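Chemist: Just one file: query_10.tsv, with TSV, C-alpha atoms.
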```tsv
chain	number	residue	atom	x	y	z
A	13	MET	CA	-1.64	21.64	-34.49
A	14	ARG	CA	1.56	20.68	-32.68
A	15	VAL	CA	2.39	17.22	-31.40
A	16	LEU	CA	4.84	17.37	-28.52
A	17	THR	CA	7.05	14.65	-27.10
A	18	GLU	CA	7.54	14.14	-23.38
A	19	GLU	CA	10.95	15.81	-23.60
A	20	GLU	CA	9.43	18.90	-25.23
A	21	VAL	CA	6.64	19.05	-22.64
A	22	ARG	CA	9.13	18.80	-19.79
A	23	ALA	CA	11.10	21.72	-21.24
A	24	LEU	CA	7.98	23.92	-21.29
A	25	VAL	CA	6.36	23.18	-17.91
A	26	GLY	CA	8.10	22.55	-14.61
A	27	PRO	CA	7.23	22.40	-10.88
A	28	GLY	CA	7.02	26.15	-10.24
A	29	LEU	CA	4.59	26.88	-13.07
A	30	ALA	CA	2.62	23.74	-12.26
A	31	LEU	CA	2.13	24.82	-8.64
A	32	ALA	CA	0.93	28.29	-9.62
A	33	VAL	CA	-1.66	27.11	-12.13
A	34	THR	CA	-2.79	24.18	-10.00
A	35	LYS	CA	-3.58	26.56	-7.15
A	36	GLU	CA	-5.56	28.69	-9.59
A	37	ALA	CA	-7.49	25.59	-10.69
A	38	LEU	CA	-8.28	24.58	-7.11
A	39	VAL	CA	-9.61	28.05	-6.32
A	40	ALA	CA	-11.66	28.11	-9.53
A	41	GLN	CA	-13.07	24.67	-8.73
A	42	ALA	CA	-14.16	25.81	-5.28
A	43	THR	CA	-15.94	28.87	-6.67
A	44	GLY	CA	-17.71	26.99	-9.45
A	45	ALA	CA	-15.78	28.81	-12.18
A	46	VAL	CA	-15.10	25.57	-14.03
A	47	SER	CA	-17.01	23.45	-16.54
A	48	GLN	CA	-15.98	19.91	-15.69
A	49	PRO	CA	-17.61	16.51	-16.26
A	50	ASP	CA	-17.20	13.67	-13.82
A	51	PRO	CA	-14.07	11.60	-14.44
A	52	TRP	CA	-14.35	8.39	-16.48
A	53	HIS	CA	-12.66	5.23	-15.23
A	54	LEU	CA	-11.95	1.83	-16.73
A	55	GLU	CA	-10.42	-1.10	-14.84
A	56	LEU	CA	-8.54	-4.02	-16.38
A	57	PRO	CA	-8.13	-6.18	-13.27
A	58	GLU	CA	-6.55	-9.11	-15.11
A	59	VAL	CA	-3.46	-6.97	-15.74
A	60	ARG	CA	-3.85	-4.62	-12.74
A	61	GLY	CA	-4.59	-1.76	-15.11
A	62	GLU	CA	-6.53	1.48	-14.71
A	63	VAL	CA	-7.58	4.07	-17.27
A	64	HIS	CA	-8.73	7.58	-16.32
A	65	ILE	CA	-10.14	10.29	-18.58
A	66	LYS	CA	-10.57	13.81	-17.23
A	67	GLY	CA	-11.04	17.23	-18.72
A	68	ALA	CA	-12.38	20.71	-18.07
A	69	HIS	CA	-12.44	24.36	-19.00
A	70	LEU	CA	-11.68	27.12	-16.52
A	71	HIS	CA	-14.09	29.93	-17.28
A	72	GLY	CA	-12.33	32.68	-19.21
A	73	ALA	CA	-9.29	30.54	-20.05
A	74	THR	CA	-7.92	30.50	-23.57
A	75	HIS	CA	-7.93	26.69	-23.80
A	76	PHE	CA	-9.65	23.56	-22.54
A	77	ALA	CA	-8.17	20.11	-22.18
A	78	ALA	CA	-9.02	16.41	-22.25
A	79	LYS	CA	-6.60	13.92	-20.78
A	80	LEU	CA	-6.08	10.17	-20.85
A	81	ALA	CA	-3.99	8.74	-18.01
A	82	THR	CA	-3.20	5.11	-17.30
A	83	GLY	CA	-1.72	3.17	-14.41
A	84	PHE	CA	-0.71	-0.42	-15.15
A	85	TYR	CA	0.87	-1.63	-11.95
A	86	ALA	CA	2.25	-4.92	-13.28
A	87	ASN	CA	4.49	-2.92	-15.60
A	88	ALA	CA	7.09	-2.42	-12.88
A	89	ALA	CA	7.96	-6.12	-12.92
A	90	LYS	CA	8.39	-5.88	-16.70
A	91	GLY	CA	10.79	-2.96	-16.46
A	92	LEU	CA	8.18	-0.59	-17.90
A	93	PRO	CA	6.82	2.68	-16.49
A	94	VAL	CA	3.63	2.22	-14.49
A	95	SER	CA	2.03	5.43	-15.78
A	96	SER	CA	1.39	6.74	-19.26
A	97	GLY	CA	-1.04	8.99	-21.09
A	98	LEU	CA	-1.55	12.02	-23.28
A	99	SER	CA	-3.40	15.34	-23.30
A	100	VAL	CA	-5.30	17.18	-26.01
A	101	ILE	CA	-5.38	20.96	-25.56
A	102	ALA	CA	-7.87	22.89	-27.68
A	103	ASN	CA	-8.69	26.53	-28.34
A	104	ALA	CA	-11.62	27.59	-26.17
A	105	GLU	CA	-12.91	30.05	-28.78
A	106	THR	CA	-12.89	27.84	-31.87
A	107	GLY	CA	-12.80	24.33	-30.41
A	108	PHE	CA	-9.87	23.37	-32.63
A	109	PRO	CA	-7.17	21.19	-31.03
A	110	GLU	CA	-3.87	23.08	-30.92
A	111	VAL	CA	-1.59	20.71	-28.99
A	112	ILE	CA	-1.38	16.97	-28.50
A	113	ALA	CA	1.02	16.31	-25.65
A	114	LEU	CA	2.45	12.79	-25.82
A	115	ASP	CA	3.80	13.28	-22.33
A	116	ASN	CA	3.56	9.66	-21.05
A	117	GLY	CA	1.73	10.87	-17.97
A	118	TYR	CA	4.23	13.60	-17.07
A	119	LEU	CA	1.62	16.37	-16.85
A	120	THR	CA	-0.58	14.21	-14.63
A	121	GLU	CA	2.32	13.37	-12.34
A	122	LEU	CA	3.38	17.02	-12.27
A	123	ARG	CA	-0.02	18.50	-11.45
A	124	THR	CA	-0.70	15.79	-8.84
A	125	GLY	CA	2.55	16.70	-7.12
A	126	ALA	CA	1.62	20.37	-7.40
A	127	ALA	CA	-1.76	19.71	-5.79
A	128	GLY	CA	0.02	17.96	-2.94
A	129	ALA	CA	2.31	20.94	-2.49
A	130	ALA	CA	-0.65	23.33	-2.56
A	131	ALA	CA	-2.34	21.29	0.16
A	132	THR	CA	0.85	21.11	2.21
A	133	GLU	CA	1.39	24.86	1.93
A	134	ALA	CA	-2.18	25.58	2.99
A	135	LEU	CA	-2.44	23.05	5.82
A	136	SER	CA	0.91	21.99	7.26
A	137	ARG	CA	2.95	23.84	9.88
A	138	PRO	CA	5.40	26.28	8.28
A	139	ASP	CA	8.24	24.73	10.29
A	140	ALA	CA	7.44	21.16	9.23
A	141	ALA	CA	10.76	19.37	8.85
A	142	VAL	CA	10.21	15.59	8.92
A	143	VAL	CA	8.45	13.98	5.95
A	144	ALA	CA	7.18	10.40	5.67
A	145	VAL	CA	6.28	8.74	2.36
A	146	ILE	CA	4.29	5.53	2.08
A	147	GLY	CA	4.58	4.25	-1.47
A	148	PRO	CA	7.97	5.09	-3.03
A	149	GLY	CA	6.89	5.07	-6.67
A	150	ALA	CA	6.98	7.60	-9.48
A	151	GLN	CA	4.34	9.91	-8.01
A	152	ALA	CA	6.20	10.06	-4.69
A	153	ARG	CA	9.11	11.63	-6.57
A	154	TYR	CA	6.82	14.37	-7.89
A	155	GLN	CA	5.26	14.92	-4.48
A	156	LEU	CA	8.67	15.45	-2.91
A	157	ARG	CA	9.96	17.70	-5.70
A	158	ALA	CA	6.86	19.87	-5.49
A	159	LEU	CA	7.14	19.96	-1.71
A	160	LEU	CA	10.42	21.87	-2.06
A	161	GLU	CA	8.46	24.76	-3.57
A	162	VAL	CA	6.66	25.33	-0.23
A	163	ARG	CA	8.63	23.72	2.62
A	164	ALA	CA	12.25	23.00	3.61
A	165	PRO	CA	12.36	19.47	5.07
A	166	VAL	CA	15.48	18.04	6.67
A	167	GLU	CA	14.50	14.38	7.05
A	168	LEU	CA	12.70	11.92	4.78
A	169	ARG	CA	11.39	8.55	5.92
A	170	VAL	CA	10.41	6.06	3.24
A	171	HIS	CA	8.35	2.91	3.49
A	172	GLY	CA	7.24	0.57	0.71
A	173	ARG	CA	6.03	-3.00	0.44
A	174	ASP	CA	9.13	-3.90	-1.59
A	175	PRO	CA	12.21	-3.15	0.57
A	176	GLU	CA	14.52	-3.18	-2.46
A	177	ARG	CA	12.45	-0.56	-4.30
A	178	ALA	CA	12.28	1.53	-1.14
A	179	ALA	CA	16.07	1.36	-0.79
A	180	VAL	CA	16.59	2.42	-4.42
A	181	PHE	CA	14.16	5.29	-3.96
A	182	ALA	CA	15.92	6.40	-0.77
A	183	GLU	CA	19.32	6.36	-2.45
A	184	GLU	CA	17.94	8.45	-5.30
A	185	MET	CA	16.51	10.99	-2.85
A	186	ARG	CA	19.87	11.21	-1.06
A	187	GLY	CA	21.50	12.08	-4.34
A	188	LEU	CA	18.92	14.70	-5.31
A	189	HIS	CA	18.22	16.48	-2.05
A	190	ASP	CA	20.17	17.56	1.00
A	191	TRP	CA	18.06	15.52	3.41
A	192	ARG	CA	18.63	12.78	5.90
A	193	VAL	CA	16.88	9.79	4.31
A	194	VAL	CA	15.80	6.70	6.25
A	195	VAL	CA	14.18	3.51	4.96
A	196	ALA	CA	11.57	2.47	7.52
A	197	PRO	CA	10.84	-1.25	7.94
A	198	ALA	CA	7.18	-0.52	8.66
A	199	ALA	CA	4.75	2.26	7.83
A	200	GLU	CA	4.25	3.00	11.51
A	201	ALA	CA	7.97	3.58	12.01
A	202	ALA	CA	7.98	6.05	9.12
A	203	VAL	CA	4.95	7.99	10.31
A	204	ARG	CA	5.39	8.33	14.07
A	205	GLY	CA	6.82	11.78	14.77
A	206	ALA	CA	6.56	12.95	11.15
A	207	ASP	CA	5.30	16.45	10.42
A	208	ILE	CA	4.10	15.71	6.87
A	209	VAL	CA	2.87	12.32	5.66
A	210	HIS	CA	2.32	11.46	2.00
A	211	THR	CA	0.37	8.32	1.09
A	212	VAL	CA	0.99	7.54	-2.57
A	213	THR	CA	-0.29	4.03	-3.28
A	214	PRO	CA	-3.02	2.29	-5.33
A	215	SER	CA	-4.12	0.46	-2.18
A	216	ARG	CA	-7.62	-0.81	-1.48
A	217	GLU	CA	-6.88	-1.30	2.21
A	218	PRO	CA	-5.69	1.34	4.70
A	219	VAL	CA	-1.94	1.86	4.81
A	220	LEU	CA	-2.02	4.68	7.39
A	221	SER	CA	-3.46	4.49	10.92
A	222	GLY	CA	-4.64	7.57	12.75
A	223	ALA	CA	-3.07	6.17	15.92
A	224	TRP	CA	0.39	6.80	14.42
A	225	LEU	CA	-0.07	10.52	13.81
A	226	SER	CA	1.49	13.06	16.15
A	227	PRO	CA	-0.16	16.34	17.12
A	228	GLY	CA	0.53	18.91	14.41
A	229	ALA	CA	0.89	16.35	11.60
A	230	HIS	CA	-0.43	16.94	8.11
A	231	VAL	CA	-1.47	14.10	5.76
A	232	THR	CA	-1.70	14.36	2.00
A	233	ALA	CA	-3.46	11.31	0.52
A	234	VAL	CA	-3.37	11.02	-3.27
A	235	GLY	CA	-3.86	7.30	-3.95
A	236	ALA	CA	-7.66	7.01	-3.75
A	237	ASP	CA	-8.93	8.23	-7.11
A	238	MET	CA	-11.66	5.72	-7.92
A	239	ALA	CA	-14.31	3.75	-6.07
A	240	GLY	CA	-12.84	1.01	-3.89
A	241	LYS	CA	-9.42	2.54	-3.33
A	242	ARG	CA	-8.42	3.48	0.20
A	243	GLU	CA	-5.23	4.53	2.03
A	244	LEU	CA	-6.47	5.98	5.36
A	245	ASP	CA	-8.17	4.15	8.18
A	246	ALA	CA	-11.25	5.65	9.81
A	247	ALA	CA	-9.25	7.11	12.69
A	248	VAL	CA	-7.26	9.39	10.38
A	249	LEU	CA	-10.35	11.25	9.19
A	250	GLU	CA	-12.21	11.02	12.49
A	251	GLY	CA	-9.24	12.40	14.44
A	252	ALA	CA	-8.41	15.23	12.03
A	253	ASP	CA	-9.21	18.80	12.96
A	254	VAL	CA	-9.46	19.80	9.30
A	255	VAL	CA	-10.17	17.70	6.21
A	256	ALA	CA	-9.78	19.51	2.89
A	257	ALA	CA	-10.73	17.96	-0.45
A	258	ASP	CA	-9.80	19.01	-3.96
A	259	ASP	CA	-13.51	18.52	-4.74
A	260	VAL	CA	-15.73	17.49	-1.82
A	261	ARG	CA	-18.40	15.84	-3.99
A	262	GLN	CA	-15.84	13.93	-6.04
A	263	CYS	CA	-13.93	12.82	-2.96
A	264	ARG	CA	-17.12	11.46	-1.41
A	265	ALA	CA	-17.59	9.36	-4.55
A	266	ILE	CA	-14.04	8.13	-5.26
A	267	GLY	CA	-11.68	9.53	-2.60
A	268	GLU	CA	-11.04	8.83	1.08
A	269	LEU	CA	-14.32	10.53	1.96
A	270	GLN	CA	-16.24	7.66	0.33
A	271	TYR	CA	-15.60	5.85	3.64
A	272	ALA	CA	-16.60	8.77	5.88
A	273	ALA	CA	-19.89	10.09	4.58
A	274	ARG	CA	-20.61	12.15	7.69
A	275	ARG	CA	-17.14	13.64	8.03
A	276	PRO	CA	-17.31	17.43	7.39
A	277	ALA	CA	-14.85	18.62	4.77
A	278	VAL	CA	-13.93	21.91	3.14
A	279	ALA	CA	-12.78	22.64	-0.38
A	280	LEU	CA	-9.01	23.02	-0.58
A	281	GLY	CA	-9.48	25.93	-2.97
A	282	ASP	CA	-11.49	27.77	-0.32
A	283	VAL	CA	-8.66	27.28	2.18
A	284	ILE	CA	-6.11	28.53	-0.36
A	285	ALA	CA	-8.26	31.59	-1.10
A	286	GLY	CA	-8.83	32.33	2.59
A	287	ARG	CA	-12.57	31.69	2.40
A	288	ALA	CA	-12.43	28.69	4.74
A	289	PRO	CA	-10.19	28.10	7.75
A	290	GLY	CA	-7.33	25.67	7.45
A	291	ARG	CA	-4.90	25.01	10.27
A	292	THR	CA	-5.53	27.44	13.12
A	293	SER	CA	-3.05	26.09	15.70
A	294	PRO	CA	0.26	24.19	15.58
A	295	GLY	CA	-1.11	21.09	17.31
A	296	GLN	CA	-3.95	20.40	14.90
A	297	ILE	CA	-3.99	17.37	12.61
A	298	THR	CA	-4.92	18.16	9.02
A	299	VAL	CA	-5.73	15.93	6.05
A	300	ALA	CA	-5.92	16.62	2.31
A	301	ASP	CA	-7.98	14.18	0.22
A	302	LEU	CA	-6.86	14.58	-3.40
A	303	THR	CA	-8.56	12.70	-6.23
A	304	GLY	CA	-7.24	14.76	-9.16
A	305	LEU	CA	-9.28	17.32	-11.06
A	306	GLY	CA	-9.97	17.85	-14.72
A	307	ALA	CA	-9.64	21.53	-13.83
A	308	GLU	CA	-6.00	20.93	-12.93
A	309	ASP	CA	-5.43	19.19	-16.26
A	310	ALA	CA	-7.06	22.10	-18.07
A	311	ALA	CA	-4.99	24.65	-16.17
A	312	ILE	CA	-1.67	22.94	-16.83
A	313	GLY	CA	-2.67	22.26	-20.46
A	314	THR	CA	-3.47	25.94	-20.94
A	315	ALA	CA	-0.12	26.84	-19.41
A	316	LEU	CA	1.59	24.46	-21.83
A	317	ALA	CA	-0.18	25.95	-24.85
A	318	ARG	CA	0.73	29.47	-23.79
A	319	ALA	CA	4.36	28.55	-23.15
A	320	LEU	CA	4.54	26.94	-26.57
A	321	ALA	CA	3.00	29.96	-28.25
A	322	SER	CA	5.36	32.36	-26.50
A	323	GLY	CA	8.40	30.27	-27.26
A	324	THR	CA	9.37	29.99	-23.58
```
Write out the structure in this file as structure tokens.
Modeler:
Amino acid sequence: MRVLTEEEVRALVGPGLALAVTKEALVAQATGAVSQPDPWHLELPEVRGEVHIKGAHLHGATHFAAKLATGFYANAAKGLPVSSGLSVIANAETGFPEVIALDNGYLTELRTGAAGAAATEALSRPDAAVVAVIGPGAQARYQLRALLEVRAPVELRVHGRDPERAAVFAEEMRGLHDWRVVVAPAAEAAVRGADIVHTVTPSREPVLSGAWLSPGAHVTAVGADMAGKRELDAAVLEGADVVAADDVRQCRAIGELQYAARRPAVALGDVIAGRAPGRTSPGQITVADLTGLGAEDAAIGTALARALASGT
């Protein structure tokens, strides 16, 4: 069995590979070709902490995975990373663990960004050029990096509750990407006129209003991943022409769809595979509700094990 550091994991799996295998996981999830228990959650409210355990096996895959991921939001004020975690990847024929990835949450961040890119590719306009981000934290960085695999934005608008953090994030994005980057004083200012909107917060109250969205906009919401979390107001889902979920049943339990029980939704994997319609005209508003799948963790864990075995 190999124990890998974060640096070693990063060298083996990057955004391109993560996008490819995450799309495979989403399609497998939609077709029922996955063995996956419900996610397990633990809250530590006194320290604003969350613990998530997910895992799965994609039928026919060489490996299965179990993953621990944490989000301790008071860490930022202590100068510590908000996210951490590790993955155990085991042989699907013998059950023996082969890899323990001490990745500090990197694989979770990577596959969440990849899922956002998969949703954006499937649902946004191909010419989408203006991107808004609400919540300029670590995951926003992964969302934007993954976005470059599927779209070519020219302008980024950033809004966060802490103006100083938003300014630091914006400066970092200016240095990494050839975009015009603007710090918006309010979420509404960031969103109005944007083609793609990412909400990336641990909020329990809506941070995005449907009244701000322009015709043709696409929204990727990744913050709601347990009961009680919420980023979108009712008008976002009610006004959308298409709502796609990484797992419709899971999203109704812990995602944005927990607040819109009657809102029809399709599986994102079915849209990716062409079995369900996504965007059918430029003026439609589309929404992706992403809660994070054990299938995605299994897919990226399998990719890691294979890359390690092949020496690439």
Chemist: If we count all atoms listed in the file, what is near Met238 of chain A at a cut-off of 9 Å, once residues fewer than 4 positions away on the same chain are taken out, given as a list in words?
Modeler: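 With the cut-off at 9 Å, the set is His53, Cys263, Ala265, Ile266, Gly267 and Thr303 of chain A.
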Chemist: Atom CA of Pro227 of chain A and atom CA of Glu200 of chain A, how far apart in Å?
Modeler: 15.1 Å
Chemist: One number please: atom CA of Ser215 of chain A to atom CA of Gly235 of chain A, in Å, one decimal.
Modeler: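 Pair atom CA of Ser215 of chain A / atom CA of Gly235 of chain A returns 7.1 Å.
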Chemist: Quick check, in Å to one decimal: how far apart do atom CA of Val219 of chain A and atom CA of Lys79 of chain A lie?
Modeler: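 Between these atoms lies a distance of 28.7 Å.
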Chemist: A:Leu70, A:Ala202, A:Leu302, A:Val231: which is nearest Arg261 of chain A, counting only C-alpha atoms?
Modeler: A:Leu302
Chemist: Closest to Val39 of chain A among A:Gly281, A:Pro57, A:Pro218, A:Pro138, using all atoms listed in the file?
Modeler: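 Under the stated criterion, the closest residue is A:Gly281.
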Chemist: May I have the residues within 10 Å of His71 of chain A as a count of residues only, using only C-alpha atoms and disregarding those fewer than 5 positions away in the same chain?
Modeler: 7
Chemist: Quick one: what's the axis-aligned box for segment 19-28 of chain A, all listed atoms, 6 Å on every side, centre and edges in Å to one decimal, as lines of an AutoDock Vina configuration file?
Modeler:
```
center_x = 8.7
center_y = 21.0
center_z = -17.7
size_x = 16.7
size_y = 22.3
size_z = 27.0
```
Chemist: Counting only C-alpha atoms, select every polymer residue within 12 Å of (-14.3, 22.7, 1.2) as defined in the file's coordinates, and provide the selection as a PDB file with C-alpha atoms, in the coordinates of the input.
Modeler:
```
ATOM      1  CA  LEU A  38      -8.280  24.580  -7.110  1.00  0.00           C
ATOM      2  CA  VAL A  39      -9.610  28.050  -6.320  1.00  0.00           C
ATOM      3  CA  GLN A  41     -13.070  24.670  -8.730  1.00  0.00           C
ATOM      4  CA  ALA A  42     -14.160  25.810  -5.280  1.00  0.00           C
ATOM      5  CA  THR A  43     -15.940  28.870  -6.670  1.00  0.00           C
ATOM      6  CA  GLY A  44     -17.710  26.990  -9.450  1.00  0.00           C
ATOM      7  CA  VAL A 254      -9.460  19.800   9.300  1.00  0.00           C
ATOM      8  CA  VAL A 255     -10.170  17.700   6.210  1.00  0.00           C
ATOM      9  CA  ALA A 256      -9.780  19.510   2.890  1.00  0.00           C
ATOM     10  CA  ALA A 257     -10.730  17.960  -0.450  1.00  0.00           C
ATOM     11  CA  ASP A 258      -9.800  19.010  -3.960  1.00  0.00           C
ATOM     12  CA  ASP A 259     -13.510  18.520  -4.740  1.00  0.00           C
ATOM     13  CA  VAL A 260     -15.730  17.490  -1.820  1.00  0.00           C
ATOM     14  CA  ARG A 261     -18.400  15.840  -3.990  1.00  0.00           C
ATOM     15  CA  GLN A 262     -15.840  13.930  -6.040  1.00  0.00           C
ATOM     16  CA  CYS A 263     -13.930  12.820  -2.960  1.00  0.00           C
ATOM     17  CA  ARG A 264     -17.120  11.460  -1.410  1.00  0.00           C
ATOM     18  CA  ARG A 275     -17.140  13.640   8.030  1.00  0.00           C
ATOM     19  CA  PRO A 276     -17.310  17.430   7.390  1.00  0.00           C
ATOM     20  CA  ALA A 277     -14.850  18.620   4.770  1.00  0.00           C
ATOM     21  CA  VAL A 278     -13.930  21.910   3.140  1.00  0.00           C
ATOM     22  CA  ALA A 279     -12.780  22.640  -0.380  1.00  0.00           C
ATOM     23  CA  LEU A 280      -9.010  23.020  -0.580  1.00  0.00           C
ATOM     24  CA  GLY A 281      -9.480  25.930  -2.970  1.00  0.00           C
ATOM     25  CA  ASP A 282     -11.490  27.770  -0.320  1.00  0.00           C
ATOM     26  CA  VAL A 283      -8.660  27.280   2.180  1.00  0.00           C
ATOM     27  CA  ILE A 284      -6.110  28.530  -0.360  1.00  0.00           C
ATOM     28  CA  ALA A 285      -8.260  31.590  -1.100  1.00  0.00           C
ATOM     29  CA  GLY A 286      -8.830  32.330   2.590  1.00  0.00           C
ATOM     30  CA  ARG A 287     -12.570  31.690   2.400  1.00  0.00           C
ATOM     31  CA  ALA A 288     -12.430  28.690   4.740  1.00  0.00           C
ATOM     32  CA  PRO A 289     -10.190  28.100   7.750  1.00  0.00           C
ATOM     33  CA  GLY A 290      -7.330  25.670   7.450  1.00  0.00           C
ATOM     34  CA  VAL A 299      -5.730  15.930   6.050  1.00  0.00           C
ATOM     35  CA  ALA A 300      -5.920  16.620   2.310  1.00  0.00           C
ATOM     36  CA  ASP A 301      -7.980  14.180   0.220  1.00  0.00           C
ATOM     37  CA  LEU A 302      -6.860  14.580  -3.400  1.00  0.00           C
TER      38      LEU A 302
END
```
Chemist: From the list A:Ala152, A:Ala321, A:Ala196, A:Ala310, which residue is nearest Gly72 of chain A when using all atoms listed in the file?
Modeler: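 Nearest candidate to Gly72 of chain A out of A:Ala152, A:Ala321, A:Ala196, A:Ala310: A:Ala310.
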Chemist: Restricting the calculation to all atoms listed in the file: of A:Ser136, A:Asn87, A:Gln155, A:Gln296, which residue gets closest to His230 of chain A?
Modeler: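 So, comparing all the options, the nearest one is A:Ser136.
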